[in-house]
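The file start03.txt comes next; it holds compact mmCIF, C-alpha atoms.
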# COMPACT_ATOMS: atom_id res chain seq x y z
CA MET A 267 0.68 -10.73 -4.08
CA LYS A 268 0.06 -8.72 -0.94
CA THR A 269 1.84 -11.47 1.02
CA LEU A 270 4.85 -11.22 -1.28
CA HIS A 271 4.91 -7.46 -0.79
CA ILE A 272 4.93 -7.86 3.00
CA PHE A 273 7.58 -10.60 2.67
CA PHE A 274 10.04 -8.24 0.93
CA ILE A 275 9.50 -5.45 3.46
CA VAL A 276 9.99 -7.84 6.40
CA LEU A 277 13.04 -9.37 4.69
CA ALA A 278 14.56 -5.92 4.14
CA SER A 279 13.95 -4.98 7.78
CA LEU A 280 15.53 -8.23 8.94
CA ILE A 281 18.60 -7.68 6.78
CA VAL A 282 18.87 -4.10 8.04
CA SER A 283 18.77 -5.22 11.67
CA CYS A 284 21.03 -8.26 11.23
CA ASN A 285 23.66 -6.68 9.00
CA GLU A 286 26.23 -5.92 11.70
CA THR A 287 25.83 -9.34 13.34
CA VAL A 288 26.49 -11.07 10.01
CA ASN A 289 29.61 -8.95 9.44
CA ASN A 290 30.97 -9.84 12.86
CA GLU A 291 30.41 -13.53 12.23
CA ILE A 292 32.22 -13.35 8.91
CA SER A 293 35.18 -11.55 10.45
CA GLU A 294 35.47 -14.18 13.16
CA SER A 295 35.59 -17.07 10.74
CA ALA A 296 38.86 -18.76 9.64
CA ASN A 297 41.51 -16.43 8.21
CA SER A 298 42.75 -18.33 5.24
CA PHE A 299 43.33 -16.56 1.98
CA GLU A 300 43.65 -17.68 -1.58
CA GLU A 301 47.27 -17.19 -2.55
CA SER A 302 46.36 -15.80 -5.92
CA HIS A 303 47.78 -12.41 -6.83
CA LEU A 304 45.20 -11.89 -9.51
CA HIS A 305 42.77 -9.19 -8.52
CA GLU A 306 39.89 -7.63 -10.29
CA VAL A 307 40.78 -3.98 -10.88
CA ARG A 308 37.76 -2.09 -9.75
CA LYS A 309 38.31 1.60 -10.19
CA VAL A 310 41.03 4.11 -10.85
CA PHE A 311 40.87 7.33 -8.84
CA TYR A 312 42.73 10.54 -9.57
CA ALA A 313 44.08 12.71 -6.75
CA ILE A 314 44.28 16.40 -7.53
CA PRO A 315 46.48 18.55 -5.27
CA SER A 316 44.33 20.22 -2.62
CA PRO A 317 44.40 24.06 -2.51
CA LEU A 318 46.57 23.72 0.58
CA GLU A 319 49.19 21.64 -1.23
CA SER A 320 49.20 24.14 -4.12
CA ALA A 321 49.60 27.07 -1.71
CA ILE A 322 52.48 25.35 0.08
CA LEU A 323 54.18 24.76 -3.29
CA ILE A 324 53.80 28.44 -4.24
CA TYR A 325 55.12 29.54 -0.84
CA ASN A 326 58.07 27.12 -0.95
CA SER A 327 59.04 28.24 -4.46
CA GLY A 328 60.08 31.60 -3.00
CA LEU A 329 57.43 33.76 -4.69
CA GLN A 330 56.10 36.80 -2.83
CA PHE A 331 52.46 37.30 -1.78
CA GLU A 332 50.62 39.31 -4.43
CA PRO A 333 47.21 40.47 -3.16
CA ASN A 334 46.34 42.21 -6.43
CA LEU A 335 46.10 38.79 -8.11
CA LEU A 336 43.40 37.50 -5.74
CA LEU A 337 39.74 37.32 -6.74
CA PRO A 338 38.02 40.10 -4.74
CA THR A 339 35.71 38.95 -1.98
CA LYS A 340 32.01 39.85 -2.32
CA GLN A 341 32.21 38.88 -6.00
CA GLY A 342 31.15 35.31 -5.20
CA ARG A 343 27.57 36.23 -4.30
CA ASN A 344 26.94 37.56 -7.83
CA TYR A 345 27.41 34.27 -9.65
CA ALA A 346 24.15 32.99 -11.06
CA THR A 347 24.87 29.41 -12.10
CA MET A 348 25.97 26.41 -10.07
CA ARG A 349 28.89 25.94 -12.45
CA GLN A 350 30.18 29.48 -11.82
CA ARG A 351 29.67 29.13 -8.07
CA ALA A 352 31.54 25.84 -7.94
CA PHE A 353 34.46 27.21 -9.98
CA ALA A 354 34.57 30.33 -7.78
CA LEU A 355 34.53 28.18 -4.65
CA GLY A 356 37.66 26.43 -5.94
CA VAL A 357 39.28 29.81 -6.70
CA TYR A 358 38.44 31.19 -3.24
CA GLY A 359 39.69 27.97 -1.62
CA THR A 360 43.08 28.49 -3.27
CA ASN A 361 43.09 32.23 -2.38
CA LEU A 362 42.35 31.37 1.26
CA SER A 363 45.08 28.72 1.38
CA TYR A 364 47.53 31.11 -0.35
CA ALA A 365 46.83 33.89 2.22
CA THR A 366 47.19 31.37 5.06
CA ALA A 367 50.46 29.94 3.75
CA PHE A 368 51.91 33.48 3.63
CA ASN A 369 50.48 34.38 7.08
CA LYS A 370 48.34 37.17 5.62
CA ASN A 371 45.69 36.89 8.27
CA THR A 372 43.77 40.03 7.33
CA TYR A 373 42.51 38.18 4.23
CA VAL A 374 41.65 34.92 5.97
CA ASN A 375 38.39 36.00 7.68
CA ASP A 376 37.02 37.63 4.54
CA TYR A 377 37.75 34.59 2.41
CA PHE A 378 36.17 32.23 4.95
CA LYS A 379 32.99 34.35 4.92
CA GLU A 380 32.90 34.43 1.14
CA ILE A 381 33.37 30.66 0.96
CA LYS A 382 30.56 30.18 3.50
CA GLN A 383 28.23 32.26 1.32
CA LEU A 384 29.10 30.33 -1.84
CA ALA A 385 28.86 26.96 -0.09
CA SER A 386 25.33 27.84 1.09
CA GLN A 387 24.36 28.70 -2.48
CA LEU A 388 25.66 25.28 -3.51
CA GLY A 389 23.55 23.60 -0.83
CA ILE A 390 26.49 22.61 1.39
CA GLY A 391 26.43 25.51 3.85
CA GLU A 392 26.98 23.16 6.80
CA ILE A 393 30.69 22.81 5.96
CA LEU A 394 31.29 26.14 7.67
CA ALA A 395 29.09 26.17 10.76
CA PRO A 396 29.12 29.35 12.94
CA GLU A 397 31.29 27.51 15.51
CA LEU A 398 33.91 26.87 12.84
CA ILE A 399 34.00 30.55 11.87
CA GLU A 400 34.47 31.36 15.58
CA GLU A 401 37.30 28.81 15.73
CA VAL A 402 38.93 30.55 12.76
CA GLU A 403 38.65 33.91 14.54
CA ARG A 404 40.14 32.45 17.74
CA ASN A 405 43.07 30.91 15.83
CA ILE A 406 43.67 33.66 13.32
CA ASN A 407 47.37 33.79 14.25
CA ASN A 408 47.87 30.05 14.34
CA LYS A 409 48.85 28.96 10.82
CA ASP A 410 48.84 25.21 11.58
CA THR A 411 45.32 25.26 13.06
CA LEU A 412 44.02 27.38 10.19
CA MET A 413 45.54 24.97 7.66
CA ASP A 414 43.90 22.09 9.47
CA ILE A 415 40.49 23.82 9.41
CA ILE A 416 40.85 24.70 5.71
CA SER A 417 41.82 21.17 4.83
CA LYS A 418 39.03 19.51 6.80
CA SER A 419 36.47 21.88 5.26
CA TYR A 420 37.81 21.01 1.79
CA VAL A 421 37.53 17.26 2.45
CA LYS A 422 34.01 17.75 3.88
CA THR A 423 32.97 19.80 0.82
CA HIS A 424 33.81 16.98 -1.58
CA GLU A 425 32.27 14.38 0.72
CA LEU A 426 28.95 16.28 0.84
CA LEU A 427 28.89 16.83 -2.91
CA ARG A 428 29.48 13.11 -3.46
CA GLU A 429 26.72 12.26 -0.99
CA ASN A 430 24.37 14.64 -2.81
CA SER A 431 25.35 12.93 -6.11
CA VAL A 432 26.67 16.15 -7.66
CA GLU A 433 30.23 14.99 -8.26
CA GLU A 434 30.46 17.24 -11.32
CA LEU A 435 30.42 20.24 -8.96
CA SER A 436 33.21 18.62 -6.98
CA ILE A 437 35.31 18.35 -10.17
CA MET A 438 34.48 21.97 -11.05
CA ILE A 439 35.77 23.08 -7.61
CA MET A 440 38.99 21.10 -8.12
CA ALA A 441 39.44 22.62 -11.59
CA GLY A 442 38.85 26.14 -10.23
CA GLY A 443 41.36 25.56 -7.45
CA TRP A 444 44.05 24.13 -9.73
CA ILE A 445 43.65 26.80 -12.44
CA GLU A 446 43.81 29.55 -9.78
CA ALA A 447 47.03 28.06 -8.37
CA MET A 448 48.51 27.98 -11.88
CA TYR A 449 47.37 31.60 -12.45
CA LEU A 450 48.88 32.80 -9.15
CA ALA A 451 52.16 30.96 -9.69
CA THR A 452 52.73 32.05 -13.28
CA ASN A 453 51.51 35.64 -12.90
CA SER A 454 53.52 36.50 -9.79
CA SER A 455 56.68 38.52 -10.08
CA ARG A 456 59.71 36.24 -10.20
CA ILE A 457 62.25 38.82 -9.09
CA GLY A 458 64.94 37.21 -6.97
CA ILE A 459 64.06 33.60 -7.67
CA ASP A 460 65.86 31.01 -9.78
CA ASN A 461 63.82 31.15 -12.98
CA ALA A 462 65.08 27.84 -14.41
CA MET A 463 64.24 25.98 -11.21
CA PHE A 464 60.83 27.64 -11.03
CA GLU A 465 60.07 26.68 -14.62
CA GLN A 466 61.03 23.10 -13.79
CA LYS A 467 58.57 23.08 -10.87
CA ILE A 468 55.75 24.39 -13.04
CA THR A 469 56.31 21.64 -15.61
CA GLU A 470 55.66 19.09 -12.85
CA GLN A 471 52.03 20.17 -12.83
CA SER A 472 51.42 18.20 -16.02
CA ALA A 473 50.56 15.10 -13.93
CA PRO A 474 47.71 16.63 -11.88
CA LEU A 475 46.47 18.28 -15.07
CA GLU A 476 46.21 14.84 -16.68
CA GLY A 477 44.25 13.63 -13.63
CA LEU A 478 41.82 16.55 -13.87
CA ILE A 479 41.16 15.82 -17.54
CA ALA A 480 40.61 12.13 -16.74
CA LEU A 481 38.09 13.11 -14.05
CA CYS A 482 36.16 15.28 -16.53
CA GLU A 483 36.13 12.36 -18.96
CA GLU A 484 34.30 10.23 -16.40
CA TYR A 485 31.23 12.45 -16.95
CA PRO A 486 30.96 12.74 -20.75
CA ASP A 487 27.33 13.90 -20.64
CA VAL A 488 27.84 16.85 -18.32
CA LYS A 489 28.00 20.00 -20.45
CA SER A 490 29.76 22.21 -17.89
CA LEU A 491 32.59 19.68 -17.59
CA GLU A 492 32.87 19.43 -21.36
CA GLU A 493 33.74 23.12 -21.51
CA ILE A 494 36.25 23.06 -18.65
CA LYS A 495 37.81 19.93 -20.17
CA SER A 496 38.37 21.68 -23.49
CA ASP A 497 40.08 24.54 -21.62
CA LEU A 498 42.26 22.11 -19.67
CA LEU A 499 43.20 20.45 -22.97
CA ILE A 500 44.48 23.84 -24.20
CA ILE A 501 46.80 23.99 -21.16
CA GLN A 502 47.79 20.36 -21.73
CA SER A 503 48.74 20.98 -25.35
CA HIS A 504 51.05 23.72 -24.08
CA PHE A 505 52.63 21.28 -21.60
CA LYS A 506 53.11 18.78 -24.41
CA THR A 507 55.76 21.06 -25.93
CA ILE A 508 58.09 20.01 -23.09
CA VAL A 509 60.41 17.02 -23.52
CA PHE A 510 60.92 15.09 -20.26
CA THR A 511 63.76 12.71 -19.45
CA SER A 512 63.80 10.89 -16.15
CA ASP A 513 65.94 8.44 -14.21
CA GLU A 514 64.72 5.35 -12.44
CA THR A 515 62.95 5.90 -9.11
CA GLU A 516 65.03 5.12 -6.02
CA VAL A 517 63.75 4.50 -2.52
CA GLU A 518 65.64 5.11 0.73
CA TRP A 519 64.28 3.72 4.00
CA SER A 520 64.30 4.64 7.63
CA ASP A 521 62.49 2.62 10.34
CA GLU A 522 61.67 -0.01 7.76
CA ASP A 523 60.57 -2.49 10.40
CA SER A 524 58.23 -0.13 12.20
CA THR A 525 54.47 -0.17 11.63
CA THR A 526 54.71 3.18 9.88
CA PRO A 527 57.94 3.04 7.85
CA GLN A 528 59.31 6.32 6.56
CA MET A 529 60.78 6.42 3.07
CA ARG A 530 62.27 8.98 0.75
CA ILE A 531 61.36 8.68 -2.90
CA HIS A 532 63.89 10.08 -5.41
CA LYS A 533 63.48 10.46 -9.11
CA SER A 534 65.45 13.02 -11.00
CA GLN A 535 63.74 14.42 -14.02
CA THR A 536 64.90 17.00 -16.49
CA ALA A 537 62.66 18.94 -18.77
CA GLU A 538 63.63 20.56 -22.04
CA ILE A 539 61.45 23.64 -21.88
CA PRO A 540 60.74 25.79 -24.95
CA LYS A 541 61.56 29.49 -24.76
CA ASN A 542 58.54 31.59 -23.66
CA PHE A 543 56.86 28.53 -22.12
CA LEU A 544 56.20 30.32 -18.84
CA SER A 545 55.06 33.64 -20.28
CA GLU A 546 52.67 31.84 -22.65
CA LEU A 547 51.35 29.64 -19.82
CA SER A 548 50.80 32.73 -17.71
CA GLU A 549 48.66 34.25 -20.48
CA ILE A 550 46.71 31.03 -21.09
CA SER A 551 45.96 30.48 -17.40
CA MET A 552 44.91 34.11 -16.92
CA LYS A 553 42.60 33.98 -19.93
CA ILE A 554 40.92 30.75 -18.80
CA ARG A 555 40.64 31.81 -15.15
CA ASN A 556 39.14 35.19 -16.07
CA LYS A 557 36.66 33.59 -18.46
CA TYR A 558 35.11 31.64 -15.55
CA VAL A 559 35.29 34.28 -12.82
CA GLN A 560 33.89 37.18 -14.85
CA ILE A 561 30.29 38.09 -13.98
CA MET B 114 2.60 -4.15 -6.45
CA PHE B 115 5.30 -6.83 -6.77
CA LYS B 116 7.59 -4.44 -8.68
CA PHE B 117 7.00 -1.74 -6.07
CA SER B 118 7.92 -4.13 -3.25
CA LEU B 119 11.05 -5.26 -5.06
CA VAL B 120 12.16 -1.67 -5.70
CA LEU B 121 11.45 -0.75 -2.07
CA PHE B 122 13.43 -3.77 -0.95
CA LEU B 123 16.44 -2.80 -3.08
CA VAL B 124 16.27 0.86 -2.01
CA LEU B 125 16.24 -0.15 1.66
CA ILE B 126 19.25 -2.40 1.17
CA VAL B 127 21.26 0.23 -0.73
CA ASN B 128 20.40 2.88 1.88
CA GLN B 129 21.45 0.54 4.65
CA LEU B 130 24.83 -0.08 2.96
CA ASP B 131 25.32 3.67 2.51
CA ALA B 132 24.49 4.38 6.15
CA GLN B 133 26.69 1.52 7.33
CA CYS B 134 29.69 2.85 5.35
CA LYS B 135 29.07 6.41 6.54
CA ARG B 136 29.22 5.21 10.15
CA PHE B 137 32.35 3.23 9.34
CA TYR B 138 34.09 6.22 7.68
CA GLN B 139 33.40 8.32 10.76
CA SER B 140 34.86 5.60 12.97
CA CYS B 141 38.13 5.56 11.03
CA ALA B 142 38.60 9.31 10.73
CA ARG B 143 41.76 9.26 12.82
CA GLN B 144 44.61 11.47 11.73
CA ALA B 145 48.34 10.79 11.79
CA GLU B 146 50.01 13.06 14.33
CA GLY B 147 51.60 16.15 12.84
CA TYR B 148 49.91 15.68 9.47
CA THR B 149 47.00 17.58 7.89
CA LEU B 150 44.32 15.52 6.17
CA VAL B 151 43.93 16.59 2.52
CA SER B 152 41.76 13.92 0.94
CA GLN B 153 39.80 10.77 1.61
CA TYR B 154 38.62 8.12 -0.82
CA GLY B 155 35.81 5.88 0.37
CA LEU B 156 34.63 2.72 -1.34
CA LYS B 157 31.31 1.47 -0.10
CA ASP B 158 30.96 -1.88 -1.84
CA PHE B 159 34.50 -3.18 -2.04
CA LYS B 160 34.61 -6.93 -2.56
CA SER B 161 37.19 -9.33 -1.19
CA GLY B 162 39.63 -10.05 -4.05
CA GLU B 163 39.23 -6.65 -5.67
CA GLU B 164 41.81 -3.97 -6.32
CA ALA B 165 41.42 -0.21 -6.66
CA SER B 166 44.09 2.26 -7.67
CA LEU B 167 44.73 5.94 -7.19
CA GLN B 168 46.92 8.16 -9.35
CA LEU B 169 48.63 10.38 -6.76
CA PRO B 170 50.87 13.29 -7.75
CA ILE B 171 53.38 13.84 -4.95
CA HIS B 172 55.36 17.06 -4.57
CA GLU B 173 58.90 17.68 -3.46
CA ASN B 174 59.53 18.73 0.12
CA ILE B 175 56.14 17.53 1.27
CA PHE B 176 55.78 14.58 3.64
CA TYR B 177 52.87 12.24 2.98
CA ASN B 178 50.96 9.82 5.15
CA LEU B 179 48.64 7.25 3.59
CA THR B 180 46.32 5.40 5.93
CA LEU B 181 44.02 2.58 4.99
CA CYS B 182 40.98 1.65 7.03
CA SER B 183 38.88 -1.36 6.05
CA GLN B 184 36.09 -3.40 7.57
CA GLU B 185 37.28 -6.60 9.21
CA ASN B 186 35.08 -8.88 7.14
CA LEU B 187 37.07 -7.99 3.99
CA GLY B 188 40.05 -9.89 5.40
CA GLU B 189 43.55 -8.74 4.50
CA VAL B 190 43.64 -5.39 2.70
CA PHE B 191 46.93 -3.63 2.04
CA LEU B 192 48.60 -0.87 0.03
CA THR B 193 51.31 -1.00 -2.61
CA LEU B 194 53.07 2.02 -4.16
CA HIS B 195 54.37 2.07 -7.74
CA ASP B 196 56.16 4.64 -9.88
CA ALA B 197 55.03 5.68 -13.36
CA SER B 198 56.85 2.74 -14.98
CA GLY B 199 55.01 0.27 -12.71
CA LYS B 200 58.04 -0.47 -10.51
CA MET B 201 56.88 -1.40 -7.01
CA LEU B 202 58.34 0.97 -4.41
CA TYR B 203 56.48 -0.31 -1.37
CA ASN B 204 54.53 -3.43 -0.52
CA GLY B 205 52.36 -3.02 2.56
CA HIS B 206 51.51 -6.71 2.86
CA ASP B 207 51.96 -7.58 6.57
CA LYS B 208 53.24 -4.07 7.31
CA GLY B 209 50.24 -2.35 8.88
CA PHE B 210 47.80 0.14 7.48
CA SER B 211 49.89 3.26 7.24
CA VAL B 212 52.91 4.44 5.30
CA ASN B 213 54.86 7.70 5.57
CA PHE B 214 57.09 9.03 2.85
CA GLU B 215 58.79 12.15 1.60
CA ALA B 216 58.96 13.04 -2.06
CA VAL B 217 62.41 14.32 -2.94
CA ASN B 218 61.18 15.11 -6.45
CA THR B 219 57.71 15.66 -7.81
CA GLN B 220 56.22 12.66 -9.62
CA THR B 221 53.02 10.65 -9.89
CA LEU B 222 52.67 7.45 -7.93
CA THR B 223 50.08 4.74 -8.34
CA VAL B 224 48.65 3.66 -4.99
CA LYS B 225 46.99 0.25 -5.16
CA VAL B 226 44.55 -0.94 -2.55
CA ILE B 227 44.52 -4.72 -2.71
CA SER B 228 42.19 -7.11 -0.98
CA ARG B 229 43.24 -10.77 -0.82
CA LYS B 230 40.48 -13.07 -1.98
CA ARG B 231 39.15 -15.17 0.91
CA SER B 232 39.02 -18.83 -0.05
CA ASP B 233 37.31 -19.87 3.18
CA LEU B 234 33.99 -18.34 2.22
CA GLU B 235 31.60 -19.34 -0.54
CA ILE B 236 30.10 -15.89 -0.78
CA LEU B 237 32.79 -13.24 -0.94
CA PRO B 238 32.29 -10.52 1.66
CA VAL B 239 31.61 -6.95 0.60
CA GLY B 240 32.53 -4.05 2.83
CA CYS B 241 33.60 -0.45 3.14
CA LEU B 242 37.11 0.92 3.09
CA MET B 243 38.71 4.30 3.19
CA LEU B 244 42.08 5.62 2.08
CA SER B 245 43.14 8.89 3.72
CA ILE B 246 45.93 11.14 2.48
CA ALA B 247 47.55 13.60 4.86
CA ILE B 248 50.50 15.92 4.32
CA ARG B 249 53.13 17.75 6.34
CA ASP B 250 55.11 20.65 4.94
CA ASN B 251 58.86 20.58 5.17
CA ALA B 252 58.88 24.17 6.47
CA SER B 253 62.63 24.56 6.04
CA SER B 254 62.34 24.40 2.28
CA ARG B 255 61.34 28.05 1.81
CA SER B 256 64.36 29.57 0.12
CA ASN B 257 63.92 33.18 1.26

Rewrite the structure from the file as structure tokens, please.
Amino acid sequence: MKTLHIFFIVLASLIVSCNETVNNEISESANSFEESHLHEVRKVFYAIPSPLESAILIYNSGLQFEPNLLLPTKQGRNYATMRQRAFALGVYGTNLSYATAFNKNTYVNDYFKEIKQLASQLGIGEILAPELIEEVERNINNKDTLMDIISKSYVKTHELLRENSVEELSIMIMAGGWIEAMYLATNSSRIGIDNAMFEQKITEQSAPLEGLIALCEEYPDVKSLEEIKSDLLIIQSHFKTIVFTSDETEVEWSDEDSTTPQMRIHKSQTAEIPKNFLSELSEISMKIRNKYVQI
Amino acid sequence: MFKFSLVLFLVLIVNQLDAQCKRFYQSCARQAEGYTLVSQYGLKDFKSGEEASLQLPIHENIFYNLTLCSQENLGEVFLTLHDASGKMLYNGHDKGFSVNFEAVNTQTLTVKVISRKRSDLEILPVGCLMLSIAIRDNASSRSN
């Protein structure tokens, strides 16, 4: 039995050391493929707009920056549970992206520091190393560099949470970020903007909302996700009052023969939106957001 | 003792695959010029002949870049894009690993990552792959 034990350990070591050689040999072998188009569908992923995408959408819609809507910094350190911290990290991520998109640099440093504090409490403090904070300070007036730093930190956050096998916290951060974006967009003053067009843009958020709900459903035994899912379902039932009609998708090409073709994807969609949809959504999103950020 | 050895053996193998993919992901962390990386989806035990899909909401006035990076042993791996009705908008077979597009209207696309099954091998290879999504804002779209 002892021999068998040693055999497995030696075998494992051999596989570990030979793994790359084997891969190279496989890749060098003949390149013929089975012409079958049948593939085993392995997994469906759901992409949720990053806080940066949400902030760009808010900025492009013509809304003004409203600092009174932001979650105050220094509040983050008072959250006691991992669930609250993760939600708040998502909220602060959106606040930081929102301030950056509007070039409100005075807020950027404070939000970075708050995010660093919360990330440490979640066990992923390395996402914002001291050098990165220095880089932020050096580039405080460079919107593109700041956006790049924010985005890379966001990607790293989710990567670390996945590596630490706490994907439920990753979903909580995404939910916090998306709900905050919805809260900021629907609670901002709409003076001077085309209300009908704005309403139309908000209705388009039903797709990422569906993705968020599907992500929560992947973890049916996680209590904290059960609660956020039921809140997202409340928002979804409000979106279900809209009647959508859409045309067929059209594609227009440029540089089709290049290695990185550029295309434009068109699909016109109209939404029949009930009266008071936006004001009701603004109330719902505020109520849900405040429920999670209150101490 | 036998069970312990077997468990240790499996743990070592799984850890090795994880570490191998981590190294691979770092090696393919290149970024399309002018774009900001917003998300990455890594698959660490993707098998030749498999397919994975991503539901991707795309927003108007934002430019997108999707880049696929896969280990050579998987053979041909490519992307296809589909609209909500399933209509294929782009087939990346023989077209490289990257596609750029602009969404004129907001909608949800299905991005499929397809690996052609290799018929030359008895044991199908398993490897790591990564799909990166980067965006670029159409800055001129701000109305005021």

Worksheet item: Any idea what's packed within 9 Å of Glu518 of chain A, counting only C-alpha atoms, ignoring anything in its chain fewer than 6 positions away? Could you give it as a count of residues only?
Response: 5

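Compared by their closest atoms to Ala197 of chain B, and using all atoms listed in the file, the residues A:Leu426, A:Ala447, A:Ala473, A:Leu412 rank with A:Ala473 nearest.
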
Worksheet entry | 7 Å contact set for Gly205 of chain B, only C-alpha atoms, chain neighbours under 3 positions out, as JSON, numbers by chain | {"B": [191, 192, 193, 208, 209]}

Fill in: Distance query segment 363-377 of chain A at most 8 Å, only C-alpha atoms, self and fewer than 5 positions along chain excluded, as JSON, numbers by chain
{"A": [317, 318, 321, 322, 324, 325, 331, 339, 358, 402, 403, 406, 407, 409, 412, 413, 416]}

Any chance you can output those residues with C-alpha atoms as a CSV table (one decimal), in the coordinates of the input?
chain,number,residue,atom,x,y,z
A,317,PRO,CA,44.4,24.1,-2.5
A,318,LEU,CA,46.6,23.7,0.6
A,321,ALA,CA,49.6,27.1,-1.7
A,322,ILE,CA,52.5,25.4,0.1
A,324,ILE,CA,53.8,28.4,-4.2
A,325,TYR,CA,55.1,29.5,-0.8
A,331,PHE,CA,52.5,37.3,-1.8
A,339,THR,CA,35.7,39.0,-2.0
A,358,TYR,CA,38.4,31.2,-3.2
A,402,VAL,CA,38.9,30.6,12.8
A,403,GLU,CA,38.6,33.9,14.5
A,406,ILE,CA,43.7,33.7,13.3
A,407,ASN,CA,47.4,33.8,14.2
A,409,LYS,CA,48.8,29.0,10.8
A,412,LEU,CA,44.0,27.4,10.2
A,413,MET,CA,45.5,25.0,7.7
A,416,ILE,CA,40.8,24.7,5.7

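Within the 10 Å cut-off around Met201 of chain B, using all atoms listed in the file and omitting residues fewer than 3 positions from it on the same chain, the listed residues are Thr515 of chain A; Thr193, Leu194, His195, Asp196, Ala197, Ser198, Asn204, Leu222, Thr223 and Val224 of chain B.
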
Write a file of the selected residues as a PDB file, in the coordinates of the input, keeping C-alpha atoms.
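Output below, filename result_39.pdb:
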ATOM      1  CA  THR A 515      62.950   5.900  -9.110  1.00  0.00           C
TER       2      THR A 515
ATOM      3  CA  THR B 193      51.310  -1.000  -2.610  1.00  0.00           C
ATOM      4  CA  LEU B 194      53.070   2.020  -4.160  1.00  0.00           C
ATOM      5  CA  HIS B 195      54.370   2.070  -7.740  1.00  0.00           C
ATOM      6  CA  ASP B 196      56.160   4.640  -9.880  1.00  0.00           C
ATOM      7  CA  ALA B 197      55.030   5.680 -13.360  1.00  0.00           C
ATOM      8  CA  SER B 198      56.850   2.740 -14.980  1.00  0.00           C
ATOM      9  CA  ASN B 204      54.530  -3.430  -0.520  1.00  0.00           C
ATOM     10  CA  LEU B 222      52.670   7.450  -7.930  1.00  0.00           C
ATOM     11  CA  THR B 223      50.080   4.740  -8.340  1.00  0.00           C
ATOM     12  CA  VAL B 224      48.650   3.660  -4.990  1.00  0.00           C
TER      13      VAL B 224
END

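Nearest to chain B of all the residues A:Tyr485, A:Phe353, A:Tyr449, A:Phe510 is A:Phe510, counting all atoms listed in the file.
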
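Contact shell of Ile248 of chain B at 10 Å (all atoms listed in the file; same-chain neighbours under 2 positions omitted): Leu318 and Glu319 of chain A; Ala145, Gly147, Tyr148, Thr149, Leu150, Val151, Ser152, Ile171, Ile175, Phe176, Tyr177, Asn178, Leu179, Asn213, Phe214, Glu215, Ile246, Asp250 and Asn251 of chain B.
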
Please tell me which residues are no farther than 7 Å from (42.5, 10.8, -11.2) in the file, counting only C-alpha atoms, and write them as a tab-separated table (two decimals) with C-alpha atoms, in the frame of the given file.
chain	number	residue	atom	x	y	z
A	310	VAL	CA	41.03	4.11	-10.85
A	311	PHE	CA	40.87	7.33	-8.84
A	312	TYR	CA	42.73	10.54	-9.57
A	313	ALA	CA	44.08	12.71	-6.75
A	314	ILE	CA	44.28	16.40	-7.53
A	477	GLY	CA	44.25	13.63	-13.63
A	478	LEU	CA	41.82	16.55	-13.87
A	480	ALA	CA	40.61	12.13	-16.74
A	481	LEU	CA	38.09	13.11	-14.05
B	167	LEU	CA	44.73	5.94	-7.19
B	168	GLN	CA	46.92	8.16	-9.35

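Proximity ranking of B:Lys135, B:Glu146, B:Leu244, B:Thr219 relative to chain A places B:Thr219 first, based on all atoms listed in the file.
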
Practice prompt. Calculate how many Å separate atom CA of Leu544 of chain A from atom CA of Met448 of chain A, rounding to one decimal.
Written response: 10.6 Å

Item to complete: For atom CA of Ile439 of chain A and atom CA of Ala352 of chain A, determine how far apart the two atoms are, in Å to one decimal place.
Response: 5.1 Å

What box, with edges along x, y and z, holds each listed atom of segment 539-554 of chain A when 6 Å is added on every side, and can you state its centre and edge lengths in Å to one decimal, as lines of an AutoDock Vina configuration file?
center_x = 51.2
center_y = 28.9
center_z = -20.9
size_x = 32.6
size_y = 22.6
size_z = 20.0

Worksheet entry | Residue among B:Cys182, B:Ala132, B:Val239, B:Ile227 lying closest to Tyr154 of chain B, counting all atoms listed in the file | B:Cys182

Regenerate segment 463-469 of chain A at the level of N, CA and C atoms and dump it as a PDB file, keeping the file's coordinate frame.
ATOM      1  N   MET A 463      64.767  26.939 -12.187  1.00  0.00           N
ATOM      2  CA  MET A 463      64.240  25.980 -11.210  1.00  0.00           C
ATOM      3  C   MET A 463      62.716  26.137 -11.089  1.00  0.00           C
ATOM      4  N   PHE A 464      62.262  27.379 -11.135  1.00  0.00           N
ATOM      5  CA  PHE A 464      60.830  27.640 -11.030  1.00  0.00           C
ATOM      6  C   PHE A 464      60.079  27.027 -12.217  1.00  0.00           C
ATOM      7  N   GLU A 465      60.665  27.237 -13.397  1.00  0.00           N
ATOM      8  CA  GLU A 465      60.070  26.680 -14.620  1.00  0.00           C
ATOM      9  C   GLU A 465      59.928  25.155 -14.511  1.00  0.00           C
ATOM     10  N   GLN A 466      60.997  24.550 -13.982  1.00  0.00           N
ATOM     11  CA  GLN A 466      61.030  23.100 -13.790  1.00  0.00           C
ATOM     12  C   GLN A 466      59.871  22.660 -12.891  1.00  0.00           C
ATOM     13  N   LYS A 467      59.653  23.422 -11.819  1.00  0.00           N
ATOM     14  CA  LYS A 467      58.570  23.080 -10.870  1.00  0.00           C
ATOM     15  C   LYS A 467      57.198  23.187 -11.543  1.00  0.00           C
ATOM     16  N   ILE A 468      57.044  24.217 -12.368  1.00  0.00           N
ATOM     17  CA  ILE A 468      55.750  24.390 -13.040  1.00  0.00           C
ATOM     18  C   ILE A 468      55.467  23.217 -13.980  1.00  0.00           C
ATOM     19  N   THR A 469      56.512  22.740 -14.655  1.00  0.00           N
ATOM     20  CA  THR A 469      56.310  21.640 -15.610  1.00  0.00           C
ATOM     21  C   THR A 469      55.786  20.383 -14.906  1.00  0.00           C
TER      22      THR A 469
END
